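Content type mmCIF, C-alpha atoms, from the file entry.cif:
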```
data_model
#
loop_
_atom_site.label_atom_id
_atom_site.label_comp_id
_atom_site.auth_asym_id
_atom_site.auth_seq_id
_atom_site.Cartn_x
_atom_site.Cartn_y
_atom_site.Cartn_z
CA MET A 472 -74.84 -64.25 20.89
CA GLY A 473 -72.67 -66.74 22.74
CA GLU A 474 -69.42 -68.29 21.57
CA VAL A 475 -69.44 -71.78 20.09
CA THR A 476 -67.33 -74.25 22.02
CA ASP A 477 -66.62 -76.77 19.28
CA THR A 478 -67.21 -77.03 15.56
CA GLU A 479 -65.47 -77.97 12.32
CA ARG A 480 -64.32 -75.53 9.67
CA PRO A 481 -66.14 -75.87 6.33
CA LEU A 482 -64.27 -76.41 3.08
CA GLU A 483 -63.74 -73.24 1.09
CA PRO A 484 -66.23 -73.15 -1.80
CA ASP A 485 -65.65 -72.15 -5.41
CA PHE A 486 -66.28 -68.42 -5.02
CA SER A 487 -66.44 -67.91 -8.77
CA ALA A 488 -69.55 -70.11 -9.08
CA ILE A 489 -71.16 -69.97 -5.63
CA THR A 490 -74.95 -69.60 -5.45
CA ALA A 491 -76.81 -67.44 -2.94
CA GLU A 492 -77.88 -70.53 -1.01
CA GLU A 493 -74.35 -71.94 -0.95
CA LEU A 494 -72.99 -68.59 0.19
CA LEU A 495 -75.41 -68.47 3.12
CA ALA A 496 -74.60 -72.04 4.15
CA TYR A 497 -70.86 -71.40 3.92
CA ARG A 498 -71.15 -68.13 5.84
CA ASN A 499 -73.10 -69.72 8.67
CA ALA A 500 -70.67 -72.61 9.00
CA GLU A 501 -67.55 -70.47 8.69
CA ASN A 502 -68.77 -67.91 11.23
CA ARG A 503 -69.62 -70.68 13.68
CA PHE A 504 -66.03 -71.84 13.36
CA ARG A 505 -64.63 -68.30 13.72
CA ALA A 506 -66.60 -67.94 16.96
CA SER A 507 -65.51 -71.34 18.30
CA SER A 508 -62.88 -72.16 20.90
CA ALA A 509 -61.02 -74.17 18.24
CA MET A 510 -60.34 -70.95 16.30
CA ARG A 511 -58.58 -69.34 19.27
CA ALA A 512 -55.36 -71.10 18.29
CA ILE A 513 -55.38 -68.88 15.19
CA THR A 514 -57.13 -65.70 16.34
CA GLY A 515 -55.60 -65.52 19.82
CA GLU A 516 -57.00 -65.31 23.32
CA PRO A 517 -58.77 -62.16 24.55
CA ASP A 518 -56.97 -59.88 26.97
CA PRO A 519 -58.08 -60.78 30.53
CA GLY A 520 -58.06 -57.09 31.37
CA ALA A 521 -61.15 -56.50 29.23
CA ALA A 522 -64.80 -57.33 29.78
CA ILE A 523 -66.56 -58.48 26.59
CA ASP A 524 -70.24 -58.80 25.84
CA TRP A 525 -72.80 -58.58 23.08
CA GLN A 526 -75.40 -55.82 23.01
CA GLN A 527 -78.26 -54.98 20.69
CA ILE A 528 -78.52 -51.42 19.42
CA ALA A 529 -81.87 -50.12 18.19
CA LEU A 530 -81.21 -48.36 14.88
CA PRO A 531 -83.68 -46.94 12.35
CA GLY A 532 -85.63 -49.91 11.00
CA ARG A 533 -83.45 -52.59 12.57
CA ASP A 534 -81.73 -53.89 15.67
CA LEU A 535 -78.03 -54.55 15.24
CA PRO A 536 -75.65 -56.60 17.42
CA VAL A 537 -72.41 -55.01 18.54
CA ARG A 538 -69.57 -56.63 20.45
CA VAL A 539 -68.51 -54.35 23.28
CA TYR A 540 -65.10 -54.33 24.94
CA ARG A 541 -64.38 -52.23 28.02
CA PRO A 542 -61.76 -52.27 30.77
CA ALA A 543 -62.62 -54.98 33.26
CA SER A 544 -63.83 -53.68 36.59
CA THR A 545 -61.32 -53.91 39.43
CA GLY A 546 -64.09 -53.49 41.97
CA ASP A 547 -63.22 -49.95 43.01
CA ASP A 548 -65.72 -47.14 42.55
CA GLU A 549 -63.51 -45.17 40.14
CA THR A 550 -63.30 -48.02 37.64
CA THR A 551 -66.97 -48.95 37.96
CA ALA A 552 -68.24 -45.41 37.49
CA ARG A 553 -65.88 -44.33 34.71
CA THR A 554 -67.61 -42.12 32.14
CA ASP A 555 -64.68 -40.63 30.21
CA LEU A 556 -63.33 -43.47 28.07
CA PRO A 557 -62.25 -42.75 24.52
CA LEU A 558 -64.41 -44.49 21.92
CA VAL A 559 -63.13 -46.76 19.16
CA VAL A 560 -65.74 -47.96 16.66
CA HIS A 561 -64.38 -51.07 14.96
CA VAL A 562 -65.53 -52.88 11.80
CA HIS A 563 -64.36 -56.45 11.20
CA GLY A 564 -63.17 -57.75 7.87
CA GLY A 565 -64.65 -60.42 5.64
CA SER A 566 -67.41 -58.58 3.72
CA PHE A 567 -69.65 -61.57 2.88
CA VAL A 568 -68.40 -63.58 5.86
CA GLY A 569 -66.95 -62.59 9.21
CA THR A 570 -67.84 -61.75 12.80
CA ALA A 571 -66.58 -59.38 15.47
CA VAL A 572 -65.42 -62.36 17.56
CA GLN A 573 -62.52 -62.96 15.17
CA CYS A 574 -61.04 -59.63 16.35
CA ASP A 575 -61.23 -60.24 20.12
CA TRP A 576 -57.44 -60.45 20.47
CA THR A 577 -56.86 -56.90 19.23
CA ASN A 578 -60.03 -55.20 20.44
CA SER A 579 -59.86 -56.54 23.98
CA HIS A 580 -56.23 -55.41 24.21
CA LEU A 581 -57.13 -51.89 23.09
CA ALA A 582 -59.97 -51.77 25.63
CA ALA A 583 -57.75 -52.96 28.47
CA VAL A 584 -54.54 -51.09 27.73
CA LEU A 585 -55.54 -47.76 26.15
CA PRO A 586 -57.98 -47.99 28.00
CA ALA A 587 -61.05 -47.41 25.82
CA LEU A 588 -64.54 -48.51 24.99
CA VAL A 589 -64.36 -50.50 21.76
CA VAL A 590 -67.62 -51.15 19.94
CA SER A 591 -67.29 -53.66 17.09
CA VAL A 592 -70.11 -53.51 14.55
CA GLU A 593 -71.68 -56.83 13.56
CA HIS A 594 -72.79 -55.23 10.31
CA ARG A 595 -75.04 -56.73 7.69
CA LEU A 596 -72.84 -58.98 5.59
CA LEU A 597 -72.75 -58.64 1.83
CA ALA A 598 -75.26 -60.78 -0.02
CA PRO A 599 -77.34 -60.57 -3.19
CA ASP A 600 -79.95 -58.65 -1.17
CA SER A 601 -77.56 -56.57 0.97
CA SER A 602 -74.90 -54.36 -0.58
CA LEU A 603 -71.91 -52.49 0.80
CA ALA A 604 -74.12 -49.43 1.30
CA ASN A 605 -76.03 -51.31 4.02
CA ALA A 606 -72.84 -52.29 5.85
CA ALA A 607 -71.57 -48.72 5.62
CA ASP A 608 -74.86 -47.43 7.06
CA ASP A 609 -74.57 -49.88 9.94
CA ALA A 610 -71.16 -48.56 10.96
CA TRP A 611 -72.25 -44.93 10.63
CA ASP A 612 -75.49 -45.47 12.53
CA VAL A 613 -73.70 -47.27 15.38
CA LEU A 614 -71.21 -44.43 15.66
CA GLN A 615 -74.02 -41.89 15.72
CA HIS A 616 -76.02 -43.88 18.27
CA VAL A 617 -73.15 -44.18 20.74
CA LEU A 618 -72.28 -40.49 20.42
CA GLN A 619 -75.92 -39.56 21.00
CA HIS A 620 -75.98 -41.63 24.20
CA VAL A 621 -72.55 -40.92 25.68
CA ALA A 622 -73.75 -41.07 29.30
CA GLN A 623 -75.15 -44.56 28.73
CA TRP A 624 -71.93 -45.78 27.13
CA GLY A 625 -69.51 -43.93 29.40
CA VAL A 626 -67.43 -42.31 26.66
CA ASP A 627 -65.83 -38.96 25.99
CA PRO A 628 -67.25 -37.92 22.58
CA ALA A 629 -64.30 -35.62 21.94
CA ARG A 630 -62.00 -38.66 21.75
CA THR A 631 -63.43 -40.89 19.04
CA ALA A 632 -61.69 -43.04 16.43
CA VAL A 633 -62.69 -45.54 13.76
CA PHE A 634 -60.79 -48.75 13.01
CA GLY A 635 -61.31 -51.51 10.49
CA GLU A 636 -59.70 -54.34 8.58
CA SER A 637 -60.07 -55.26 4.90
CA CYS A 638 -63.69 -54.53 3.94
CA GLY A 639 -64.05 -53.16 7.47
CA ALA A 640 -61.25 -50.70 6.69
CA LEU A 641 -63.15 -49.62 3.57
CA ILE A 642 -66.24 -49.05 5.71
CA SER A 643 -64.18 -47.18 8.31
CA ALA A 644 -62.70 -44.93 5.60
CA LEU A 645 -66.21 -44.20 4.30
CA THR A 646 -67.25 -43.41 7.88
CA ALA A 647 -64.38 -40.96 8.29
CA ILE A 648 -65.38 -39.16 5.08
CA ARG A 649 -69.01 -39.07 6.18
CA ALA A 650 -67.99 -37.68 9.56
CA ARG A 651 -66.13 -34.78 7.98
CA LYS A 652 -69.07 -33.97 5.73
CA THR A 653 -71.41 -33.76 8.73
CA GLY A 654 -69.01 -31.80 10.94
CA LEU A 655 -68.21 -34.69 13.30
CA GLU A 656 -64.58 -34.49 14.37
CA LEU A 657 -62.85 -37.85 14.64
CA LYS A 658 -59.42 -38.02 16.22
CA ALA A 659 -58.09 -40.96 14.22
CA GLN A 660 -58.76 -43.63 11.63
CA VAL A 661 -56.90 -46.96 11.51
CA LEU A 662 -57.15 -48.82 8.21
CA VAL A 663 -55.62 -52.31 8.15
CA ASN A 664 -55.14 -54.09 4.78
CA PRO A 665 -57.83 -51.85 3.31
CA ALA A 666 -59.70 -52.80 0.14
CA ILE A 667 -60.35 -49.18 -0.75
CA ASP A 668 -61.43 -49.39 -4.42
CA VAL A 669 -64.54 -51.28 -5.59
CA THR A 670 -64.61 -49.88 -9.11
CA GLU A 671 -63.40 -51.88 -12.11
CA THR A 672 -59.93 -50.42 -11.51
CA MET A 673 -59.65 -52.38 -8.25
CA TYR A 674 -57.82 -55.13 -10.16
CA ASP A 675 -55.39 -52.79 -11.97
CA TYR A 676 -52.60 -52.85 -9.41
CA PRO A 677 -49.29 -54.75 -9.41
CA SER A 678 -50.07 -56.33 -6.04
CA MET A 679 -53.33 -57.71 -7.45
CA VAL A 680 -51.45 -59.44 -10.23
CA GLU A 681 -48.66 -60.74 -7.99
CA TYR A 682 -50.86 -62.11 -5.20
CA ALA A 683 -54.06 -63.04 -7.06
CA TYR A 684 -53.62 -66.74 -6.29
CA SER A 685 -50.78 -66.82 -3.77
CA PRO A 686 -50.54 -67.16 -0.79
CA THR A 687 -54.36 -67.51 -1.04
CA HIS A 688 -56.88 -67.55 -3.88
CA ALA A 689 -57.69 -63.89 -3.36
CA LEU A 690 -58.95 -62.96 -6.81
CA PRO A 691 -62.14 -65.11 -6.87
CA GLN A 692 -63.04 -63.81 -3.40
CA LEU A 693 -62.47 -60.21 -4.45
CA ARG A 694 -64.58 -60.63 -7.57
CA LEU A 695 -67.43 -61.99 -5.44
CA PHE A 696 -66.89 -59.17 -2.96
CA GLN A 697 -67.20 -56.59 -5.74
CA ARG A 698 -70.31 -58.21 -7.27
CA LEU A 699 -72.08 -58.19 -3.92
CA ALA A 700 -70.80 -54.78 -2.83
CA VAL A 701 -71.83 -52.91 -5.95
CA PRO A 702 -75.12 -54.16 -7.45
CA PRO A 703 -75.97 -53.21 -11.04
CA GLY A 704 -76.90 -49.55 -11.30
CA THR A 705 -74.77 -48.53 -8.31
CA ASP A 706 -72.06 -45.89 -8.73
CA ALA A 707 -69.02 -47.78 -7.45
CA GLY A 708 -67.09 -44.52 -7.15
CA THR A 709 -69.29 -43.35 -4.30
CA LEU A 710 -68.30 -46.46 -2.33
CA SER A 711 -64.59 -46.18 -3.15
CA PRO A 712 -62.74 -43.78 -0.83
CA LEU A 713 -59.84 -43.78 -3.28
CA TYR A 714 -62.01 -41.78 -5.67
CA ALA A 715 -63.59 -39.39 -3.18
CA ASP A 716 -63.60 -35.84 -4.50
CA ASN A 717 -62.12 -34.38 -1.33
CA LEU A 718 -59.87 -36.19 1.15
CA SER A 719 -58.73 -33.09 3.00
CA GLY A 720 -59.65 -32.40 6.61
CA LEU A 721 -60.08 -36.06 7.53
CA ALA A 722 -58.99 -37.65 10.78
CA PRO A 723 -55.27 -38.53 10.90
CA ALA A 724 -54.81 -42.01 9.46
CA LEU A 725 -52.66 -45.04 10.13
CA VAL A 726 -52.69 -47.29 7.05
CA VAL A 727 -51.31 -50.77 7.79
CA VAL A 728 -50.31 -52.81 4.75
CA PRO A 729 -49.20 -56.46 4.75
CA THR A 730 -47.05 -56.82 1.66
CA GLN A 731 -48.10 -60.34 0.57
CA ASP A 732 -51.62 -59.15 -0.15
CA ALA A 733 -53.54 -58.65 -3.36
CA VAL A 734 -54.91 -55.32 -2.09
CA ALA A 735 -51.60 -54.03 -0.73
CA ASP A 736 -51.50 -51.35 -3.42
CA HIS A 737 -54.99 -50.18 -2.43
CA GLY A 738 -53.59 -49.11 0.92
CA ARG A 739 -50.48 -47.59 -0.62
CA ARG A 740 -52.43 -45.52 -3.15
CA TYR A 741 -54.91 -44.35 -0.52
CA ALA A 742 -52.09 -43.21 1.74
CA GLU A 743 -50.66 -41.26 -1.20
CA ARG A 744 -54.01 -39.60 -1.85
CA LEU A 745 -54.50 -38.70 1.81
CA HIS A 746 -51.01 -37.19 1.94
CA ALA A 747 -51.60 -35.20 -1.26
CA ALA A 748 -54.84 -33.83 0.23
CA GLY A 749 -53.07 -32.67 3.39
CA THR A 750 -54.57 -35.26 5.72
CA PRO A 751 -51.95 -36.56 8.17
CA VAL A 752 -51.20 -40.18 7.32
CA ARG A 753 -48.70 -42.85 8.26
CA LEU A 754 -48.21 -45.79 5.91
CA SER A 755 -46.79 -48.80 7.74
CA GLU A 756 -45.83 -51.88 5.74
CA TYR A 757 -45.27 -55.38 7.17
CA PRO A 758 -43.01 -57.33 4.81
CA GLY A 759 -44.11 -60.91 4.27
CA ALA A 760 -47.36 -60.56 6.16
CA ARG A 761 -50.56 -61.78 4.53
CA HIS A 762 -54.06 -60.33 4.27
CA ALA A 763 -55.99 -60.47 7.57
CA PHE A 764 -52.71 -61.03 9.44
CA LEU A 765 -53.81 -58.88 12.39
CA ALA A 766 -56.65 -61.31 13.14
CA MET A 767 -54.35 -64.36 13.04
CA PRO A 768 -51.67 -63.89 15.72
CA GLY A 769 -51.43 -67.66 16.17
CA VAL A 770 -49.98 -68.07 12.66
CA GLU A 771 -48.83 -64.56 11.73
CA PRO A 772 -45.81 -63.48 13.82
CA GLN A 773 -46.06 -59.81 12.80
CA ALA A 774 -49.55 -59.42 14.24
CA GLY A 775 -48.11 -58.51 17.63
CA ALA A 776 -46.00 -55.68 16.23
CA ALA A 777 -48.96 -54.32 14.25
CA ARG A 778 -51.21 -54.40 17.32
CA ALA A 779 -48.57 -52.53 19.32
CA GLU A 780 -48.28 -49.90 16.58
CA ILE A 781 -52.05 -49.42 16.47
CA LEU A 782 -52.16 -49.09 20.24
CA ALA A 783 -49.40 -46.46 20.24
CA PHE A 784 -51.04 -44.52 17.41
CA LEU A 785 -54.41 -44.46 19.12
CA ARG A 786 -52.90 -43.64 22.50
CA THR A 787 -51.37 -40.48 21.01
CA ALA A 788 -54.42 -39.56 18.93
CA LEU A 789 -56.92 -40.08 21.77
CA ALA A 790 -54.88 -38.46 24.54
CA ARG A 791 -56.61 -35.72 26.52
#
```

Please, can you express the file's structure as structure tokens?
Amino acid sequence: MGEVTDTERPLEPDFSAITAEELLAYRNAENRFRASSAMRAITGEPDPGAAIDWQQIALPGRDLPVRVYRPASTGDDETTARTDLPLVVHVHGGSFVGTAVQCDWTNSHLAAVLPALVVSVEHRLLAPDSSLANAADDAWDVLQHVLQHVAQWGVDPARTAVFGESCGALISALTAIRARKTGLELKAQVLVNPAIDVTETMYDYPSMVEYAYSPTHALPQLRLFQRLAVPPGTDAGTLSPLYADNLSGLAPALVVVPTQDAVADHGRRYAERLHAAGTPVRLSEYPGARHAFLAMPGVEPQAGAARAEILAFLRTALAR
């Protein structure tokens, strides 16, 4: 999967009335733009200290692309043969649109400076025939695959974290809960502007009312996200970490909340629930920042500070 050198960004559709065919066409065009050189002015340039490539992972019943970031080789034997890197499994935001490429600025920096192996999951995007459960399975299966092949990937399985943004943060939170249930010890979870509630109560927050249509038209997108994430007959509570029965014993969490965001209160309430359950958690708010700000350093000045905070948090959590 190579990067696109030049393309035009499509007009945003009417998400409240979009058809399945229109969604697919918009997704394809928007993701081409997000992977283009033109988008770098918004999403930032990758860190030159990281090597980046696409790989295919064979998972049960499917092959899945992942975008892999590792410290760039300096040519010496120690760097080339390194087999003890901490592992960060990342999930990009966007839900029904999005690609790992949009997160190169942050993920390449983590790979170069921590240093770490960062594996970003190009999960199945939400669609009428693919729900949130599929995307959550993709993240979990990638995590399991890498940890079952640590020699191949060159990672230390005892130093593993999950990291996601928006819908990717929701998936990462579900992954952390799943890990605890199976006895897999994660060292950290980083949840950036998480949309953590996909039940009907997801709209019952002050931030949802305040930022439904400003600075972006978030509400129509969130309604489409919920319709695709939770098909009829699905128990939305099982896909909403906010309503998990037990949030104790989870990996320590950093919850990053931009305040000008319709789902800002999702992150705040989840941090409260984690704290009440005894899971170590740090809630970090960025006043005036908008949703997806971490992926837009070219237009969001606080992205740099958030990236530095995430780096420091992971450096402590993943230390030997």

- Item | CA of Arg740 (chain A) to CA of Ser755 (chain A), straight-line distance in Å |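 Going from CA of Ser755 (chain A) over to CA of Arg740 (chain A) covers 12.7 Å.
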
- Task: Step by step, work through what the PyMOL selection byres ((chain A and resi 539-543) around 9) selects in the shown file, and finish by giving those residues as number ranges by chain.
- Result: A: 519-526, 537-538, 544-546, 550-551, 556, 575, 578-592

- Item | Atomic distance CA of Tyr684 (chain A) - CA of Glu493 (chain A), expressed in Å with one decimal |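 These atoms are spaced 22.0 Å apart.
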
- Explicit residue set for the PyMOL selection byres ((chain A and resi 559) around 6), as an NGL selection string: :A and (558 or 560 or 589 or 631-633)

- Given only C-alpha atoms as the counted atoms, nearest of A:Pro703, A:Val661, A:Glu743, A:Ser711 to Ala783 (chain A): A:Val661

Using only C-alpha atoms, collect all residues at a distance of at most 10 Å from (-79.6, -51.0, 7.1) as written in the file, then present them as a PDB file with C-alpha atoms, keeping the file's coordinate frame.
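That gives us result.pdb:
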```pdb
ATOM      1  CA  LEU A 530     -81.210 -48.360  14.880  1.00  0.00           C
ATOM      2  CA  PRO A 531     -83.680 -46.940  12.350  1.00  0.00           C
ATOM      3  CA  GLY A 532     -85.630 -49.910  11.000  1.00  0.00           C
ATOM      4  CA  ARG A 533     -83.450 -52.590  12.570  1.00  0.00           C
ATOM      5  CA  ASP A 534     -81.730 -53.890  15.670  1.00  0.00           C
ATOM      6  CA  LEU A 535     -78.030 -54.550  15.240  1.00  0.00           C
ATOM      7  CA  HIS A 594     -72.790 -55.230  10.310  1.00  0.00           C
ATOM      8  CA  ARG A 595     -75.040 -56.730   7.690  1.00  0.00           C
ATOM      9  CA  SER A 601     -77.560 -56.570   0.970  1.00  0.00           C
ATOM     10  CA  SER A 602     -74.900 -54.360  -0.580  1.00  0.00           C
ATOM     11  CA  ALA A 604     -74.120 -49.430   1.300  1.00  0.00           C
ATOM     12  CA  ASN A 605     -76.030 -51.310   4.020  1.00  0.00           C
ATOM     13  CA  ALA A 606     -72.840 -52.290   5.850  1.00  0.00           C
ATOM     14  CA  ALA A 607     -71.570 -48.720   5.620  1.00  0.00           C
ATOM     15  CA  ASP A 608     -74.860 -47.430   7.060  1.00  0.00           C
ATOM     16  CA  ASP A 609     -74.570 -49.880   9.940  1.00  0.00           C
ATOM     17  CA  ALA A 610     -71.160 -48.560  10.960  1.00  0.00           C
ATOM     18  CA  ASP A 612     -75.490 -45.470  12.530  1.00  0.00           C
TER      19      ASP A 612
END
```

- For each of A:Ala500, A:Val626, A:Val726, A:Leu718, take the minimum atom-to-atom distance to Thr554 (chain A), counting only C-alpha atoms, then give the residue where this is smallest.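 Once distances to Thr554 (chain A) are computed over only C-alpha atoms, the minimum belongs to A:Val626.
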
Enclose region 522-528 of chain A, meaning all of its atoms listed in the file, in a box aligned along x, y and z, pad it by 4 Å on each side, and list the centre and edge lengths in Å to one decimal, as lines of an AutoDock Vina configuration file.
```
center_x = -71.7
center_y = -55.1
center_z = 24.6
size_x = 21.7
size_y = 15.4
size_z = 18.4
```

- Query: For the atom pair CA of Trp624 (chain A) and CA of Ala571 (chain A), what is the interatomic distance in Å to one decimal place?
  - Reply: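 A separation of 18.7 Å between them.
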
Could you list, as a PDB file with C-alpha atoms, in the frame of the given file, every residue matched by the PyMOL selection byres ((chain A and resi 679) around 10) in this structure?
```pdb
ATOM      1  CA  MET A 673     -59.650 -52.380  -8.250  1.00  0.00           C
ATOM      2  CA  TYR A 674     -57.820 -55.130 -10.160  1.00  0.00           C
ATOM      3  CA  ASP A 675     -55.390 -52.790 -11.970  1.00  0.00           C
ATOM      4  CA  TYR A 676     -52.600 -52.850  -9.410  1.00  0.00           C
ATOM      5  CA  PRO A 677     -49.290 -54.750  -9.410  1.00  0.00           C
ATOM      6  CA  SER A 678     -50.070 -56.330  -6.040  1.00  0.00           C
ATOM      7  CA  VAL A 680     -51.450 -59.440 -10.230  1.00  0.00           C
ATOM      8  CA  GLU A 681     -48.660 -60.740  -7.990  1.00  0.00           C
ATOM      9  CA  TYR A 682     -50.860 -62.110  -5.200  1.00  0.00           C
ATOM     10  CA  ALA A 683     -54.060 -63.040  -7.060  1.00  0.00           C
ATOM     11  CA  TYR A 684     -53.620 -66.740  -6.290  1.00  0.00           C
ATOM     12  CA  ALA A 689     -57.690 -63.890  -3.360  1.00  0.00           C
ATOM     13  CA  LEU A 690     -58.950 -62.960  -6.810  1.00  0.00           C
ATOM     14  CA  LEU A 693     -62.470 -60.210  -4.450  1.00  0.00           C
ATOM     15  CA  GLN A 731     -48.100 -60.340   0.570  1.00  0.00           C
ATOM     16  CA  ASP A 732     -51.620 -59.150  -0.150  1.00  0.00           C
ATOM     17  CA  ALA A 733     -53.540 -58.650  -3.360  1.00  0.00           C
ATOM     18  CA  VAL A 734     -54.910 -55.320  -2.090  1.00  0.00           C
ATOM     19  CA  ALA A 735     -51.600 -54.030  -0.730  1.00  0.00           C
ATOM     20  CA  ASP A 736     -51.500 -51.350  -3.420  1.00  0.00           C
ATOM     21  CA  HIS A 737     -54.990 -50.180  -2.430  1.00  0.00           C
TER      22      HIS A 737
END
```

- A:Gln660, A:Gln527, A:Thr705, A:Thr670 ranked by distance to Thr646 (chain A), top pick (using all atoms listed in the file): A:Gln660
